[in-house]
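K.L.:
Below you'll find coords12.cif; it's mmCIF, C-alpha atoms.
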```cif
data_query
loop_
_atom_site.label_atom_id
_atom_site.label_comp_id
_atom_site.auth_asym_id
_atom_site.auth_seq_id
_atom_site.Cartn_x
_atom_site.Cartn_y
_atom_site.Cartn_z
CA MET A 1 7.13 128.94 -141.52
CA THR A 2 3.40 128.33 -141.68
CA ARG A 3 1.40 130.25 -139.10
CA LEU A 4 -1.85 128.77 -137.85
CA GLY A 5 -4.67 131.29 -137.42
CA VAL A 6 -8.28 131.12 -136.32
CA GLN A 7 -11.09 133.45 -137.34
CA ASP A 8 -11.72 136.07 -134.66
CA ARG A 9 -15.45 135.46 -134.44
CA LEU A 10 -14.86 131.82 -133.39
CA VAL A 11 -12.76 132.74 -130.36
CA PRO A 12 -14.20 133.79 -126.98
CA GLY A 13 -13.47 137.32 -125.79
CA THR A 14 -14.96 140.78 -125.93
CA THR A 15 -11.92 142.58 -127.36
CA LEU A 16 -9.45 141.63 -130.07
CA ARG A 17 -6.70 141.46 -127.45
CA GLU A 18 -8.77 139.00 -125.39
CA LYS A 19 -9.50 136.92 -128.48
CA TYR A 20 -5.82 136.80 -129.41
CA ALA A 21 -4.86 135.78 -125.88
CA ALA A 22 -7.42 132.96 -126.03
CA ALA A 23 -6.22 131.90 -129.49
CA ARG A 24 -2.64 131.68 -128.22
CA ARG A 25 -3.79 129.66 -125.22
CA PHE A 26 -5.57 127.25 -127.56
CA GLY A 27 -2.43 126.73 -129.67
CA PHE A 28 -2.85 129.23 -132.52
CA ASP A 29 -0.31 131.80 -133.72
CA ALA A 30 -2.58 134.50 -135.10
CA LEU A 31 -6.11 135.66 -135.87
CA GLU A 32 -7.96 135.84 -139.17
CA LEU A 33 -10.01 139.04 -139.15
CA ALA A 34 -13.63 138.61 -140.26
CA GLU A 35 -15.74 140.69 -137.89
CA ARG A 36 -17.29 143.81 -139.37
CA PRO A 37 -16.13 146.49 -139.59
CA ALA A 38 -12.82 144.89 -140.49
CA PHE A 39 -11.22 148.36 -140.55
CA ASP A 40 -11.57 148.69 -136.77
CA GLU A 41 -10.26 145.18 -136.14
CA ALA A 42 -7.26 145.76 -138.42
CA ARG A 43 -6.40 149.09 -136.80
CA THR A 44 -6.57 147.45 -133.38
CA ALA A 45 -4.28 144.64 -134.59
CA ILE A 46 -1.77 147.19 -135.90
CA ARG A 47 -1.86 149.21 -132.67
CA GLU A 48 -1.56 146.18 -130.38
CA LYS A 49 0.82 144.21 -132.63
CA ILE A 50 -1.53 141.24 -133.01
CA PRO A 51 -0.47 138.94 -135.87
CA VAL A 52 -3.05 138.45 -138.60
CA THR A 53 -3.12 135.68 -141.21
CA ALA A 54 -5.64 137.47 -143.47
CA ILE A 55 -8.44 140.02 -143.58
CA ALA A 56 -11.37 137.90 -144.75
CA GLY A 57 -13.89 140.33 -146.19
CA GLY A 58 -15.36 143.07 -144.05
CA TYR A 59 -16.07 145.47 -146.92
CA ARG A 60 -19.31 146.88 -148.30
CA GLY A 61 -20.85 145.62 -151.52
CA TRP A 62 -19.17 143.34 -154.05
CA LEU A 63 -16.93 143.84 -157.06
CA ILE A 64 -19.68 142.56 -159.39
CA ASP A 65 -22.64 143.83 -157.35
CA PRO A 66 -25.84 144.55 -159.32
CA ASP A 67 -25.81 148.02 -157.71
CA SER A 68 -23.12 150.31 -159.17
CA GLU A 69 -22.92 152.31 -155.93
CA LYS A 70 -22.11 149.12 -154.03
CA ILE A 71 -19.41 148.27 -156.58
CA ALA A 72 -17.84 151.66 -155.91
CA ALA A 73 -18.10 151.08 -152.15
CA ALA A 74 -16.43 147.66 -152.46
CA ARG A 75 -13.57 149.08 -154.49
CA ALA A 76 -13.02 151.95 -152.03
CA ASP A 77 -13.23 149.71 -148.97
CA ILE A 78 -10.81 147.15 -150.38
CA VAL A 79 -8.31 149.93 -151.11
CA ALA A 80 -8.53 150.99 -147.45
CA LEU A 81 -8.21 147.39 -146.25
CA LEU A 82 -5.15 146.88 -148.46
CA ASP A 83 -3.52 149.88 -146.78
CA LEU A 84 -4.10 148.23 -143.41
CA ALA A 85 -3.06 144.80 -144.70
CA GLY A 86 0.22 146.30 -145.88
CA GLU A 87 0.94 147.50 -142.36
CA LEU A 88 0.02 144.09 -140.99
CA GLY A 89 2.07 142.20 -143.58
CA THR A 90 -0.94 140.21 -144.73
CA GLY A 91 -3.57 139.99 -147.46
CA VAL A 92 -7.23 140.72 -148.11
CA VAL A 93 -9.49 137.87 -149.23
CA VAL A 94 -11.51 139.00 -152.27
CA VAL A 95 -14.44 137.30 -154.01
CA PRO A 96 -16.52 138.51 -156.98
CA ILE A 97 -19.79 138.36 -155.03
CA TRP A 98 -21.54 136.29 -152.39
CA GLY A 99 -25.13 135.09 -152.57
CA ARG A 100 -25.87 135.66 -156.27
CA THR A 101 -25.57 132.90 -158.83
CA ARG A 102 -27.10 131.74 -162.09
CA ASN A 103 -27.19 128.26 -160.58
CA LEU A 104 -30.23 129.16 -158.45
CA PRO A 105 -33.35 130.85 -159.80
CA GLY A 106 -33.88 134.59 -159.54
CA ILE A 107 -30.69 135.69 -157.78
CA ALA A 108 -28.16 136.32 -160.57
CA THR A 109 -26.52 139.71 -161.08
CA GLY A 110 -28.65 140.59 -164.13
CA ARG A 111 -25.58 140.57 -166.39
CA GLY A 112 -24.09 137.88 -168.61
CA ARG A 113 -21.22 135.74 -167.33
CA ASP A 114 -18.70 137.43 -169.66
CA GLU A 115 -19.81 140.84 -168.39
CA ASP A 116 -19.44 139.73 -164.77
CA GLU A 117 -15.97 138.35 -165.40
CA ALA A 118 -14.88 141.52 -167.19
CA LEU A 119 -16.25 143.65 -164.34
CA PHE A 120 -14.41 141.54 -161.76
CA LEU A 121 -11.13 142.01 -163.62
CA GLU A 122 -11.83 145.72 -164.07
CA GLY A 123 -12.06 146.04 -160.30
CA LEU A 124 -9.09 143.81 -159.55
CA ARG A 125 -6.52 145.54 -161.78
CA PRO A 126 -6.24 148.85 -159.90
CA LEU A 127 -6.54 147.01 -156.59
CA ALA A 128 -3.56 144.83 -157.54
CA GLU A 129 -1.53 147.93 -158.38
CA HIS A 130 -2.46 149.40 -155.01
CA ALA A 131 -1.51 146.17 -153.23
CA GLU A 132 1.90 146.24 -154.89
CA ARG A 133 2.47 149.79 -153.62
CA THR A 134 1.40 149.03 -150.06
CA GLY A 135 3.08 145.64 -149.67
CA ALA A 136 -0.26 143.88 -149.20
CA ARG A 137 -1.61 140.86 -151.04
CA ILE A 138 -4.91 140.18 -152.77
CA LEU A 139 -6.16 136.65 -152.10
CA ILE A 140 -8.76 135.54 -154.65
CA GLU A 141 -11.09 132.96 -153.11
CA PRO A 142 -13.31 130.59 -155.09
CA LEU A 143 -16.76 130.06 -153.58
CA ASN A 144 -19.04 127.13 -154.29
CA ARG A 145 -21.68 127.27 -157.05
CA TYR A 146 -24.51 128.09 -154.64
CA GLN A 147 -22.80 131.32 -153.51
CA ASN A 148 -21.47 132.58 -156.86
CA ASP A 149 -20.89 131.28 -160.39
CA VAL A 150 -17.92 133.36 -161.57
CA CYS A 151 -15.07 132.05 -159.43
CA VAL A 152 -15.97 128.52 -158.29
CA THR A 153 -12.82 126.39 -158.49
CA LEU A 154 -9.14 126.96 -157.85
CA ALA A 155 -8.66 126.84 -161.62
CA ASP A 156 -11.09 129.76 -161.94
CA ALA A 157 -9.17 131.76 -159.33
CA ILE A 158 -5.88 130.99 -161.05
CA ARG A 159 -7.33 132.14 -164.37
CA PHE A 160 -8.23 135.52 -162.86
CA ARG A 161 -4.89 135.72 -161.07
CA ASP A 162 -3.02 135.04 -164.32
CA ALA A 163 -5.10 137.65 -166.18
CA ILE A 164 -4.03 140.27 -163.61
CA ASP A 165 -0.42 138.99 -163.61
CA SER A 166 0.63 140.83 -160.46
CA PRO A 167 3.13 139.64 -157.84
CA ALA A 168 0.65 140.84 -155.21
CA VAL A 169 -2.19 138.52 -156.31
CA PHE A 170 -2.56 134.94 -155.10
CA VAL A 171 -5.35 132.40 -154.74
CA VAL A 172 -7.04 130.89 -151.69
CA GLY A 173 -7.84 127.24 -151.15
CA ASP A 174 -10.87 126.90 -148.85
CA THR A 175 -11.46 123.26 -148.00
CA PHE A 176 -15.21 123.67 -147.42
CA HIS A 177 -15.79 125.08 -150.93
CA MET A 178 -13.22 122.74 -152.47
CA ASN A 179 -15.03 119.73 -151.01
CA ILE A 180 -18.07 120.74 -153.08
CA GLU A 181 -16.34 121.80 -156.28
CA GLU A 182 -12.98 120.06 -156.77
CA ALA A 183 -12.87 116.54 -158.22
CA ASP A 184 -9.54 115.99 -156.43
CA MET A 185 -8.75 118.50 -153.71
CA ALA A 186 -5.12 117.47 -153.28
CA ALA A 187 -4.47 117.59 -157.02
CA SER A 188 -6.03 121.06 -157.29
CA LEU A 189 -3.78 122.37 -154.52
CA ALA A 190 -0.75 120.81 -156.17
CA GLU A 191 -1.71 122.43 -159.48
CA ALA A 192 -1.97 125.85 -157.80
CA GLY A 193 1.64 125.55 -156.62
CA GLU A 194 3.34 128.85 -155.88
CA LYS A 195 0.16 130.77 -156.80
CA LEU A 196 -1.47 129.47 -153.60
CA GLY A 197 -1.23 132.30 -151.09
CA TYR A 198 -3.55 131.23 -148.28
CA VAL A 199 -5.48 128.18 -147.09
CA GLN A 200 -8.73 128.34 -145.14
CA MET A 201 -9.89 125.18 -143.42
CA ALA A 202 -13.25 123.85 -142.38
CA ASP A 203 -14.66 120.36 -142.62
CA SER A 204 -17.42 119.06 -144.90
CA GLN A 205 -20.30 120.57 -142.92
CA ARG A 206 -18.29 123.73 -142.16
CA PHE A 207 -17.44 122.76 -138.61
CA GLU A 208 -13.78 122.62 -137.59
CA PRO A 209 -11.34 120.17 -139.27
CA GLY A 210 -11.82 116.69 -137.90
CA ALA A 211 -15.56 117.07 -137.35
CA GLY A 212 -16.62 115.87 -140.81
CA HIS A 213 -15.44 113.59 -143.61
CA ILE A 214 -12.78 115.59 -145.52
CA ASP A 215 -9.52 113.71 -146.05
CA PHE A 216 -7.18 116.24 -144.45
CA PRO A 217 -4.05 114.04 -144.52
CA SER A 218 -4.13 114.08 -148.34
CA ILE A 219 -4.55 117.86 -148.31
CA PHE A 220 -1.56 118.36 -146.04
CA SER A 221 0.48 115.93 -148.14
CA ALA A 222 -0.30 118.07 -151.20
CA LEU A 223 0.70 121.25 -149.36
CA ALA A 224 3.96 119.68 -148.23
CA GLY A 225 4.58 118.46 -151.76
CA ILE A 226 4.51 122.00 -153.16
CA GLY A 227 6.56 123.35 -150.25
CA TYR A 228 3.70 125.52 -149.03
CA GLU A 229 4.86 127.82 -146.22
CA GLY A 230 1.96 130.27 -146.26
CA ASP A 231 -0.57 130.73 -143.51
CA ILE A 232 -3.53 128.53 -142.64
CA GLY A 233 -6.72 129.96 -141.16
CA ILE A 234 -9.49 128.00 -139.44
CA GLU A 235 -12.62 129.50 -141.02
CA CYS A 236 -15.81 127.72 -139.96
CA ALA A 237 -19.47 128.70 -139.96
CA ALA A 238 -19.59 127.37 -136.39
CA LEU A 239 -17.80 125.01 -134.04
CA SER A 240 -19.14 121.58 -133.16
CA GLY A 241 -18.91 122.26 -129.43
CA ASP A 242 -17.41 124.38 -126.67
CA PRO A 243 -14.55 126.48 -128.11
CA GLU A 244 -12.52 125.81 -124.95
CA VAL A 245 -12.51 122.14 -125.96
CA VAL A 246 -12.84 122.26 -129.75
CA LEU A 247 -10.24 124.90 -130.60
CA PRO A 248 -7.28 123.36 -128.70
CA ARG A 249 -8.16 119.99 -130.26
CA THR A 250 -8.28 121.58 -133.72
CA ALA A 251 -4.94 123.35 -133.32
CA ALA A 252 -3.32 120.11 -132.15
CA LEU A 253 -4.81 118.15 -135.06
CA VAL A 254 -3.60 120.62 -137.68
CA ARG A 255 -0.10 120.82 -136.20
CA ASP A 256 0.13 117.02 -136.13
CA LEU A 257 -0.95 116.88 -139.78
CA ILE A 258 1.63 119.51 -140.77
CA ARG A 259 4.39 117.64 -138.95
CA GLU A 260 3.45 114.23 -140.35
CA SER A 261 3.17 115.51 -143.92
CA GLU A 262 6.54 117.25 -143.74
CA LEU A 263 8.22 114.11 -142.41
CA ALA A 264 6.76 112.11 -145.28
CA VAL A 265 8.17 114.36 -148.02
#
```
Could you write out this structure as C-alpha cells?
P.N.:
Amino acid sequence: MTRLGVQDRLVPGTTLREKYAAARRFGFDALELAERPAFDEARTAIREKIPVTAIAGGYRGWLIDPDSEKIAAARADIVALLDLAGELGTGVVVVPIWGRTRNLPGIATGRGRDEDEALFLEGLRPLAEHAERTGARILIEPLNRYQNDVCVTLADAIRFRDAIDSPAVFVVGDTFHMNIEEADMAASLAEAGEKLGYVQMADSQRFEPGAGHIDFPSIFSALAGIGYEGDIGIECAALSGDPEVVLPRTAALVRDLIRESELAV
C-alpha cells in the first residue's frame, strides 16, 4: 500500500517526534527526512520507530563535485545513510550534483559531459552493492536543467539505473522537475513502470499539490495504470499558507486522487 509522507522541514515541531505527531494529525503516514544532518534524523527515526518514506539528501558534497575531497565525502556519507536506510526499510535519494550545469554560464563542473556521467556511475556502482547488502534502496532523482545537466529527465535516470543493473536501484519522479522537463508527465511515469521507486510531489511553483497548475489527476491515473504501490512524499520549497491549514488539505487532496484513480482502473 502506498504511504503518504511529508518532508520533515515542512511540518511544525521542534523534535522529529513532534513533527511526526503533527504529520499524523494532518493525515500523513510518514516523514521524508531532509533536514541536515540527515544522520541524526535517521537515527532518531530508528530509535523512536518513526516511519520514513525516504532520506532526501543530507550528505556532504556531490558524486560529480568539482572538488575530489567532496566527492569522497559524498560517497562516504551516502554509505552511512544507506546503512540507516536499511534499518528504516527505505531509500536514499541520490542526484549527480545540485547547482552546477552547462546550461547556465560559469557554473559547470569543469569536466566534459561524458566524464561527469562516467564519474556518476563510478560512484553509484559500489553504493548499489552496499545498498543490496543493507536492504536499502538508491533512488536516482532527475533535476531540472537549471540545477544539473547530467540527469534531467526520467529517461536519463532510467539510463543510469539500467547501467548499474541492481535490484536496489530505482528512479524518482519529482513532479516539480518533471513539469519543467517532461513533454508528457503521465507518459514518462508510465514508461518508468516498475523502475519507479518513489514519487515526490510539489506543484508548478513548488508549493504543495493543488496550489499551481500541474494536472495531478493525469499523474495519479498513470501511477494507477502501472500498479504503483510505492511511497509518495510531499516535497515543496515552501507551503502557500499556514501548515495547520495547508497540510491537512494537501493530504486529503492526494488521498482523494489516489482513490479516484484506483477506482478508474
K.L.:
I'd like the neighbourhood of Asp162 in chain A as a list in words, where a residue qualifies if any of its atoms comes within 12 Å (using all atoms listed in the file), though same-chain residues fewer than 5 positions away should be ignored.
P.N.:
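Contacts, in chain order: Leu121, Leu124, Arg125, Ala128, Ile140, Ala155, Asp156, Ala157, Pro167, Ala168, Val169, Phe170, Val171, Ala192 and Lys195 of chain A.
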K.L.:
Selection in question (the file shown): the PyMOL selection byres ((chain A and resi 24) around 12). Which residues does it include, as a tab-separated table (two decimals) with C-alpha atoms, keeping the file's coordinate frame?
P.N.:
```
chain	number	residue	atom	x	y	z
A	3	ARG	CA	1.40	130.25	-139.10
A	4	LEU	CA	-1.85	128.77	-137.85
A	5	GLY	CA	-4.67	131.29	-137.42
A	6	VAL	CA	-8.28	131.12	-136.32
A	8	ASP	CA	-11.72	136.07	-134.66
A	11	VAL	CA	-12.76	132.74	-130.36
A	12	PRO	CA	-14.20	133.79	-126.98
A	17	ARG	CA	-6.70	141.46	-127.45
A	18	GLU	CA	-8.77	139.00	-125.39
A	19	LYS	CA	-9.50	136.92	-128.48
A	20	TYR	CA	-5.82	136.80	-129.41
A	21	ALA	CA	-4.86	135.78	-125.88
A	22	ALA	CA	-7.42	132.96	-126.03
A	23	ALA	CA	-6.22	131.90	-129.49
A	25	ARG	CA	-3.79	129.66	-125.22
A	26	PHE	CA	-5.57	127.25	-127.56
A	27	GLY	CA	-2.43	126.73	-129.67
A	28	PHE	CA	-2.85	129.23	-132.52
A	29	ASP	CA	-0.31	131.80	-133.72
A	30	ALA	CA	-2.58	134.50	-135.10
A	31	LEU	CA	-6.11	135.66	-135.87
A	50	ILE	CA	-1.53	141.24	-133.01
A	51	PRO	CA	-0.47	138.94	-135.87
A	244	GLU	CA	-12.52	125.81	-124.95
A	247	LEU	CA	-10.24	124.90	-130.60
A	248	PRO	CA	-7.28	123.36	-128.70
A	251	ALA	CA	-4.94	123.35	-133.32
```
K.L.:
Using the chain letters and numbering of this document, enumerate as a PyMOL selection string the residues selected by the PyMOL selection byres ((chain A and resi 91-104) around 8).
P.N.:
chain A and resi 53-57+62-65+78+81-82+85-86+89-90+105-109+120+136-143+145-151+172
K.L.:
In Å, how far is it from CA of Leu127 in chain A to CA of Leu84 in chain A?
P.N.:
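Result for CA of Leu127 in chain A versus CA of Leu84 in chain A: 13.5 Å, one decimal.
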K.L.:
Could you expand the PyMOL selection byres ((chain A and resi 43) around 12) into the explicit residues it covers here, written as a ChimeraX atom specification?
P.N.:
/A:16,33,37-42,44-52,55,80-88
K.L.:
Would you please work out which residue, of A:His130, A:Arg60, A:His177, A:Arg255, is nearest to Val79 in chain A when using all atoms listed in the file?
P.N.:
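Going through A:His130, A:Arg60, A:His177, A:Arg255 one by one, the smallest distance to Val79 in chain A is for A:His130.
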K.L.:
When you look at Glu194 in chain A with a cut-off of 10 Å (counting all atoms listed in the file), what residues show up, excluding the ones that are within fewer than 5 positions of it in the same chain? I need them as a list in words.
P.N.:
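Those residues are Phe170, Val171, Leu189, Ile226, Gly227, Tyr228, Glu229 and Gly230 of chain A.
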K.L.:
Have a look at CA of Leu196 in chain A and CA of Gly173 in chain A and let me know their distance in Å, one decimal.
P.N.:
7.2 Å
K.L.:
Go ahead and fit an axis-aligned box to every listed atom of range 121-135 of chain A plus 6 Å each side, and pass me the centre and edge lengths in Å, one decimal, as lines of an AutoDock Vina configuration file.
P.N.:
```
center_x = -4.5
center_y = 145.9
center_z = -156.9
size_x = 27.1
size_y = 19.8
size_z = 26.4
```
K.L.:
CA of Glu132 in chain A and CA of Tyr198 in chain A are how many Å apart?
P.N.:
17.3 Å
K.L.:
Which of these, A:Pro66, A:Val152, A:Gly58, A:Asp242, has the shortest distance to Gly112 in chain A once you count all atoms listed in the file?
P.N.:
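Looking at the shortest contact to Gly112 in chain A, the residue is A:Pro66.
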K.L.:
Which one is closest to Glu262 in chain A: A:Ile180, A:Val199, A:Ala222, A:Ala73? Count only C-alpha atoms.
P.N.:
A:Ala222
K.L.:
For each of A:Leu239, A:Met178, A:Val265, A:Ala163, take the minimum atom-to-atom distance to Pro209 in chain A, counting only C-alpha atoms, then give the residue where this is smallest.
P.N.:
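Looking at the shortest contact to Pro209 in chain A, the residue is A:Leu239.
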K.L.:
Nearest residue to Gly110 in chain A out of A:Asp215, A:Glu35, A:Asp67, A:Asp77, using all atoms listed in the file?
P.N.:
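Using all atoms listed in the file, Gly110 in chain A sits closest to A:Asp67.
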K.L.:
For a quick check of understanding, using all atoms listed in the file, which of A:Asp114, A:Asp256, A:Glu32, A:Glu122 has the smallest distance to Ala72 in chain A?
P.N.:
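Under the stated criterion, the closest residue is A:Glu122.
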K.L.:
Start from the incomplete input, build N, CA and C atoms for range 196-215 of chain A, and deliver everything as an mmCIF file, keeping the file's coordinate frame.
P.N.:
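Output file out-v4.cif is given in full below:
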```cif
data_model
loop_
_atom_site.group_PDB
_atom_site.id
_atom_site.type_symbol
_atom_site.label_atom_id
_atom_site.label_comp_id
_atom_site.auth_asym_id
_atom_site.auth_seq_id
_atom_site.Cartn_x
_atom_site.Cartn_y
_atom_site.Cartn_z
ATOM 1 N N LEU A 196 -0.652 129.638 -154.801
ATOM 2 C CA LEU A 196 -1.470 129.470 -153.600
ATOM 3 C C LEU A 196 -0.904 130.367 -152.502
ATOM 4 N N GLY A 197 -1.711 131.343 -152.067
ATOM 5 C CA GLY A 197 -1.230 132.300 -151.090
ATOM 6 C C GLY A 197 -1.824 132.143 -149.710
ATOM 7 N N TYR A 198 -2.893 131.365 -149.585
ATOM 8 C CA TYR A 198 -3.550 131.230 -148.280
ATOM 9 C C TYR A 198 -4.442 130.002 -148.334
ATOM 10 N N VAL A 199 -4.598 129.338 -147.180
ATOM 11 C CA VAL A 199 -5.480 128.180 -147.090
ATOM 12 C C VAL A 199 -6.417 128.384 -145.914
ATOM 13 N N GLN A 200 -7.715 128.290 -146.187
ATOM 14 C CA GLN A 200 -8.730 128.340 -145.140
ATOM 15 C C GLN A 200 -9.270 126.928 -144.944
ATOM 16 N N MET A 201 -9.480 126.550 -143.701
ATOM 17 C CA MET A 201 -9.890 125.180 -143.420
ATOM 18 C C MET A 201 -11.155 125.095 -142.603
ATOM 19 N N ALA A 202 -12.061 124.287 -143.102
ATOM 20 C CA ALA A 202 -13.250 123.850 -142.380
ATOM 21 C C ALA A 202 -13.570 122.464 -142.923
ATOM 22 N N ASP A 203 -14.334 121.710 -142.170
ATOM 23 C CA ASP A 203 -14.660 120.360 -142.620
ATOM 24 C C ASP A 203 -15.906 120.378 -143.508
ATOM 25 N N SER A 204 -16.390 119.207 -143.879
ATOM 26 C CA SER A 204 -17.420 119.060 -144.900
ATOM 27 C C SER A 204 -18.708 119.800 -144.585
ATOM 28 N N GLN A 205 -19.077 119.874 -143.309
ATOM 29 C CA GLN A 205 -20.300 120.570 -142.920
ATOM 30 C C GLN A 205 -20.008 121.968 -142.364
ATOM 31 N N ARG A 206 -18.815 122.433 -142.561
ATOM 32 C CA ARG A 206 -18.290 123.730 -142.160
ATOM 33 C C ARG A 206 -18.108 123.873 -140.651
ATOM 34 N N PHE A 207 -17.995 122.749 -139.958
ATOM 35 C CA PHE A 207 -17.440 122.760 -138.610
ATOM 36 C C PHE A 207 -15.915 122.711 -138.742
ATOM 37 N N GLU A 208 -15.240 122.630 -137.619
ATOM 38 C CA GLU A 208 -13.780 122.620 -137.590
ATOM 39 C C GLU A 208 -13.219 121.341 -138.225
ATOM 40 N N PRO A 209 -11.971 121.384 -138.734
ATOM 41 C CA PRO A 209 -11.340 120.170 -139.270
ATOM 42 C C PRO A 209 -11.361 119.036 -138.261
ATOM 43 N N GLY A 210 -11.716 117.848 -138.762
ATOM 44 C CA GLY A 210 -11.820 116.690 -137.900
ATOM 45 C C GLY A 210 -13.232 116.364 -137.491
ATOM 46 N N ALA A 211 -14.160 117.280 -137.755
ATOM 47 C CA ALA A 211 -15.560 117.070 -137.350
ATOM 48 C C ALA A 211 -16.401 116.465 -138.457
ATOM 49 N N GLY A 212 -15.854 116.383 -139.674
ATOM 50 C CA GLY A 212 -16.620 115.870 -140.810
ATOM 51 C C GLY A 212 -15.869 114.766 -141.529
ATOM 52 N N HIS A 213 -16.011 114.716 -142.860
ATOM 53 C CA HIS A 213 -15.440 113.590 -143.610
ATOM 54 C C HIS A 213 -14.329 113.974 -144.584
ATOM 55 N N ILE A 214 -13.850 115.206 -144.591
ATOM 56 C CA ILE A 214 -12.780 115.590 -145.520
ATOM 57 C C ILE A 214 -11.494 114.858 -145.165
ATOM 58 N N ASP A 215 -10.784 114.422 -146.209
ATOM 59 C CA ASP A 215 -9.520 113.710 -146.050
ATOM 60 C C ASP A 215 -8.383 114.725 -145.888
#
```
